[in-house]
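> I have a structure here, written as structure tokens, and I will follow up with some questions on it.
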Amino acid sequence: MSAIRTLAVAAAARVTPRLGARAFSSTAVRAQVIASEPMRAKHAEIKVDNNTPTSTLPYQVVDHHYDAIVVGAGGSGLRAAFGLAEAGLNVACISKLFPTRSHTVAAQGGINAALGNMTKDDWRWHMYDTVKGSDWLGDQDAIHYMCKEAPRTVIELEQYGVPFSRTKEGKIYQRAFGGQSLEYGKGGQAYRCAAVADRTGHAILHTLYGQSLRYNTNYFIEYFALDLIMDESGACRGVTALCMEDGSIHRFFSHKTVLATGGYGRAYFSCTSAHTCTGDGNAMVARAGLPLQDLEFVQFHPTGIYGSGCLITEGARGEGGILLNSKGEPFMSRYAPTAKDLASRDVVSRSMTMEIRAGRGVGPEADHCHLQLSHLPKEILRERLPGISETAAIFAGVDVTKEPIPVIPTVHYNMGGIPTKYTGEVIKVDENGNDVVVPGLYAAGEAACVSVHGANRLGANSLLDIVVFGRACALHIAETLKPNTPHAPIAKDAGLESLKNLDKLRNAKGALSTAAIRLNMQKTMQRDAAVFRTQESLDEGVEKIDEVVKSFSDVNVTDTGLIWNTDLVETLELQNLLTNAVQTMYSAAARKESRGAHAREDFKDRNDDEWMKHTLSYHDEVTRETKLKYRAVVETTLDANECKPVPPAKRVY
């Protein structure tokens, strides 16, 4: 039997060592815990017995108590963290990366807001475009909230210091972007995307991190979050985490926990996501017995560089870039006569795939398309697309002023995730199918499914989403939690199952490497849950992904240590990816319609009567069983007098 016993009750305050008192490499003083006050913590010991050679050794555990914690330090995590600290709450931000290495840094094109700096605009038109872009699977109360808050959010970012590109008049520059229109789709192309050249995410992330340092935000950097700590009532009480530098285990207890852990693009073989995008928060929620929502909707960005998958922003087409086939034809007018190259991403990706299937692809194998920018003025490329010009030169060997960029649809974004309200509160459904809030748990950013993106996200709505709903989490928590509220008692062995899992994987001696299992998963997802899907491919995918999940029990971890064990961390990430991948495949196989990014060749039309509903998926890692339920789409706005709901209609561009 495992047991936990308290070793020390006294707080472990940070101590400043005398010069030369300890070696430079010592980790006794936590260099990566960045805090403006001493770290209040208690030490405990948990003994785990998994019948493996080293498992009977006790794990040293450090307990922390905060009003709120945020897991993830990308755009949504940072906005939530410093919003909480600004409200006077004692908050910790836990990240497996240094904050400015989070994947928000890779966002290029911009952030949507109806500022009206280039043409007349209205946030209600933005809302219409977002509902239409979602293929009517988006929740209209959340879309109402996001689009109304958008102008205020961009102005707030500008005041924080985001160096937006400017017009000659000194206003924030806004470019055209896919799926954006005026006058409820009747007034032509909207110029709604506020940009910092083509490095908007980089600028926003660094600005938000700089702002967070103004406040009393405690950072735990290079800590890998393992699992949620749930109490007997079903409330979230914090998380367990592994300090990657020294192998210590930490329990972070809090009244409110915000998951801002990003997407799981690395479940696919070819994607624009960083290698750290492994769906950790989603998997933590799934292991807690809670549902994930709409995972079948995976966005393929039309323009990933052929061969490497590196992103070429939609802003390149917003500035006038054109997609070409092997005949040199600008083919998008065949598929989207009005919007052409600036149709929504799912439409453009399918159009490119159809051109390739029709034998009009470029290259020796006729398996990709060209993106032409050489007709644009060099000063435009230099001022507004400098990063793209550099990326194309490095990863495609192309001079964009003279040659087209080879591009292909590439996995880019997960519309699905942890189901939440527009306040950021995580929800589940009861036995009667009614929404129920999970006490103490919030989610924001790509990890969350609010759902403002529905079946397809519009370009430049993601940076808006992360900032708006990171802020929404902070606002709701600040309204419902008093600083320094005492913590209720919790079981002494809270988090024990998480430690058992860690210990089991650390001592795993199977026949398959983590890399081999991961590759099998990625190839299965790439082949059977692609741009176009059929029942045959999806059923085969379900069977194969189940086999891959089963094979994880035969994983081999070569490094049994705890100090900076990348083999162990990658295995933990693979476990998280598998949970996301299997639910994606099951959800896709069940949805017998085409909607947004979920394009079925055997069910070509959208079926609102049967399928205008959210998929809820559950996965049990012990039994390896995946179950599906459904919940209704919110078809009403927050205030019909202010903004009327958008009724379902045929989606054409």
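Following the order of the structure tokens, first chain is A, next is B, and so on, with residues numbered from 1 inside each chain and ligands from 1 in the order they appear.
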Please provide the set of residues having any atom within 6 Å of stretch 418-429 of chain A, restricted to only C-alpha atoms, with same-chain residues fewer than 6 positions apart removed, written as a PyMOL selection string.

chain A and resi 142+292-293+435-438+441-443+448-450+472-473

> Can you pull out every residue from stretch 453-497 of chain A that DSSP, working from the backbone, puts in alpha helix (DSSP H), and format the result as a PyMOL selection string?

chain A and resi 462-480+496-497

> Taking only residues of stretch 344-399 of chain A that have an atom at most 10 Å from an atom of stretch 180-204 of chain A, what is each one's shortest atom pair and its distance in Å to one decimal, using only C-alpha atoms, in chain and number order, as JSON lines?


```
{"residue": "A:Ser344", "atom": "CA", "partner": "A:Gln180", "partner_atom": "CA", "distance": 8.5}
{"residue": "A:Ile380", "atom": "CA", "partner": "A:Ala197", "partner_atom": "CA", "distance": 9.8}
{"residue": "A:Leu381", "atom": "CA", "partner": "A:Ala197", "partner_atom": "CA", "distance": 9.5}
{"residue": "A:Arg382", "atom": "CA", "partner": "A:Ala197", "partner_atom": "CA", "distance": 9.1}
{"residue": "A:Glu383", "atom": "CA", "partner": "A:Ala197", "partner_atom": "CA", "distance": 6.6}
{"residue": "A:Arg384", "atom": "CA", "partner": "A:Ala197", "partner_atom": "CA", "distance": 4.3}
{"residue": "A:Leu385", "atom": "CA", "partner": "A:Asp198", "partner_atom": "CA", "distance": 5.3}
{"residue": "A:Pro386", "atom": "CA", "partner": "A:Asp198", "partner_atom": "CA", "distance": 6.8}
{"residue": "A:Gly387", "atom": "CA", "partner": "A:Asp198", "partner_atom": "CA", "distance": 6.0}
{"residue": "A:Ile388", "atom": "CA", "partner": "A:Asp198", "partner_atom": "CA", "distance": 7.1}
{"residue": "A:Ser389", "atom": "CA", "partner": "A:Asp198", "partner_atom": "CA", "distance": 9.9}
```

> Please produce an output containing N, CA, C and O atoms for each residue in the selection, written as an mmCIF file, in the first residue's frame.


```cif
data_model
loop_
_atom_site.group_PDB
_atom_site.id
_atom_site.type_symbol
_atom_site.label_atom_id
_atom_site.label_comp_id
_atom_site.auth_asym_id
_atom_site.auth_seq_id
_atom_site.Cartn_x
_atom_site.Cartn_y
_atom_site.Cartn_z
ATOM 1 N N SER A 344 -12.709 30.751 -46.734
ATOM 2 C CA SER A 344 -12.285 30.195 -45.451
ATOM 3 C C SER A 344 -11.297 29.048 -45.681
ATOM 4 O O SER A 344 -11.245 28.445 -46.750
ATOM 5 N N ILE A 380 6.280 45.989 -50.342
ATOM 6 C CA ILE A 380 5.202 45.324 -49.595
ATOM 7 C C ILE A 380 5.734 44.051 -48.951
ATOM 8 O O ILE A 380 5.470 43.762 -47.772
ATOM 9 N N LEU A 381 6.480 43.264 -49.721
ATOM 10 C CA LEU A 381 7.065 42.037 -49.178
ATOM 11 C C LEU A 381 8.026 42.357 -48.034
ATOM 12 O O LEU A 381 8.063 41.645 -47.024
ATOM 13 N N ARG A 382 8.779 43.409 -48.182
ATOM 14 C CA ARG A 382 9.772 43.772 -47.171
ATOM 15 C C ARG A 382 9.113 44.308 -45.896
ATOM 16 O O ARG A 382 9.522 43.974 -44.784
ATOM 17 N N GLU A 383 8.058 45.107 -46.045
ATOM 18 C CA GLU A 383 7.448 45.758 -44.891
ATOM 19 C C GLU A 383 6.391 44.895 -44.213
ATOM 20 O O GLU A 383 6.270 44.909 -42.986
ATOM 21 N N ARG A 384 5.615 44.152 -44.993
ATOM 22 C CA ARG A 384 4.468 43.442 -44.425
ATOM 23 C C ARG A 384 4.639 41.924 -44.364
ATOM 24 O O ARG A 384 3.907 41.261 -43.635
ATOM 25 N N LEU A 385 5.567 41.372 -45.129
ATOM 26 C CA LEU A 385 5.781 39.915 -45.125
ATOM 27 C C LEU A 385 7.269 39.565 -45.013
ATOM 28 O O LEU A 385 7.771 38.686 -45.730
ATOM 29 N N PRO A 386 7.999 40.220 -44.109
ATOM 30 C CA PRO A 386 9.441 39.934 -44.022
ATOM 31 C C PRO A 386 9.740 38.529 -43.515
ATOM 32 O O PRO A 386 10.666 37.876 -43.988
ATOM 33 N N GLY A 387 8.944 38.045 -42.551
ATOM 34 C CA GLY A 387 9.164 36.709 -41.993
ATOM 35 C C GLY A 387 8.898 35.621 -43.018
ATOM 36 O O GLY A 387 9.608 34.612 -43.076
ATOM 37 N N ILE A 388 7.853 35.830 -43.838
ATOM 38 C CA ILE A 388 7.499 34.861 -44.870
ATOM 39 C C ILE A 388 8.603 34.777 -45.912
ATOM 40 O O ILE A 388 8.977 33.693 -46.379
ATOM 41 N N SER A 389 9.132 35.916 -46.293
ATOM 42 C CA SER A 389 10.215 35.932 -47.278
ATOM 43 C C SER A 389 11.411 35.143 -46.771
ATOM 44 O O SER A 389 12.030 34.366 -47.512
#
```

> Can I get the residues of stretch 237-279 of chain A within 9 Å of stretch 73-83 of chain A, each with the closest pair of atoms and their distance in Å to one decimal, using only C-alpha atoms, sorted chain first then ascending number, as a tab-separated table?


```
residue	atom	partner	partner_atom	distance
A:Val258	CA	A:Gly77	CA	7.7
A:Leu259	CA	A:Gly77	CA	7.6
A:Ala260	CA	A:Gly77	CA	5.1
A:Thr261	CA	A:Gly74	CA	7.8
A:Gly262	CA	A:Gly74	CA	7.9
```

> Using only C-alpha atoms, determine which residues lie at most 9 Å from stretch 89-105 of chain A, disregarding the query and same-chain residues fewer than 2 positions distant; provide the list as a ChimeraX atom specification.

/A:35,65-78,81-82,84-87,107-108,199-206,209,216-225,241,243-244,252,254,261-262,273-274,276-277,463,478,481-484

> Between A:Thr480, A:Thr560, A:Ser617, A:Thr584, which residue has the minimum interatomic distance to A:Leu290, considering only C-alpha atoms?

A:Ser617

> Atom CA of A:His126 and atom CA of A:Gly304 are how many Å apart?

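According to the coordinates, atom CA of A:His126 and atom CA of A:Gly304 are separated by 26.1 Å.
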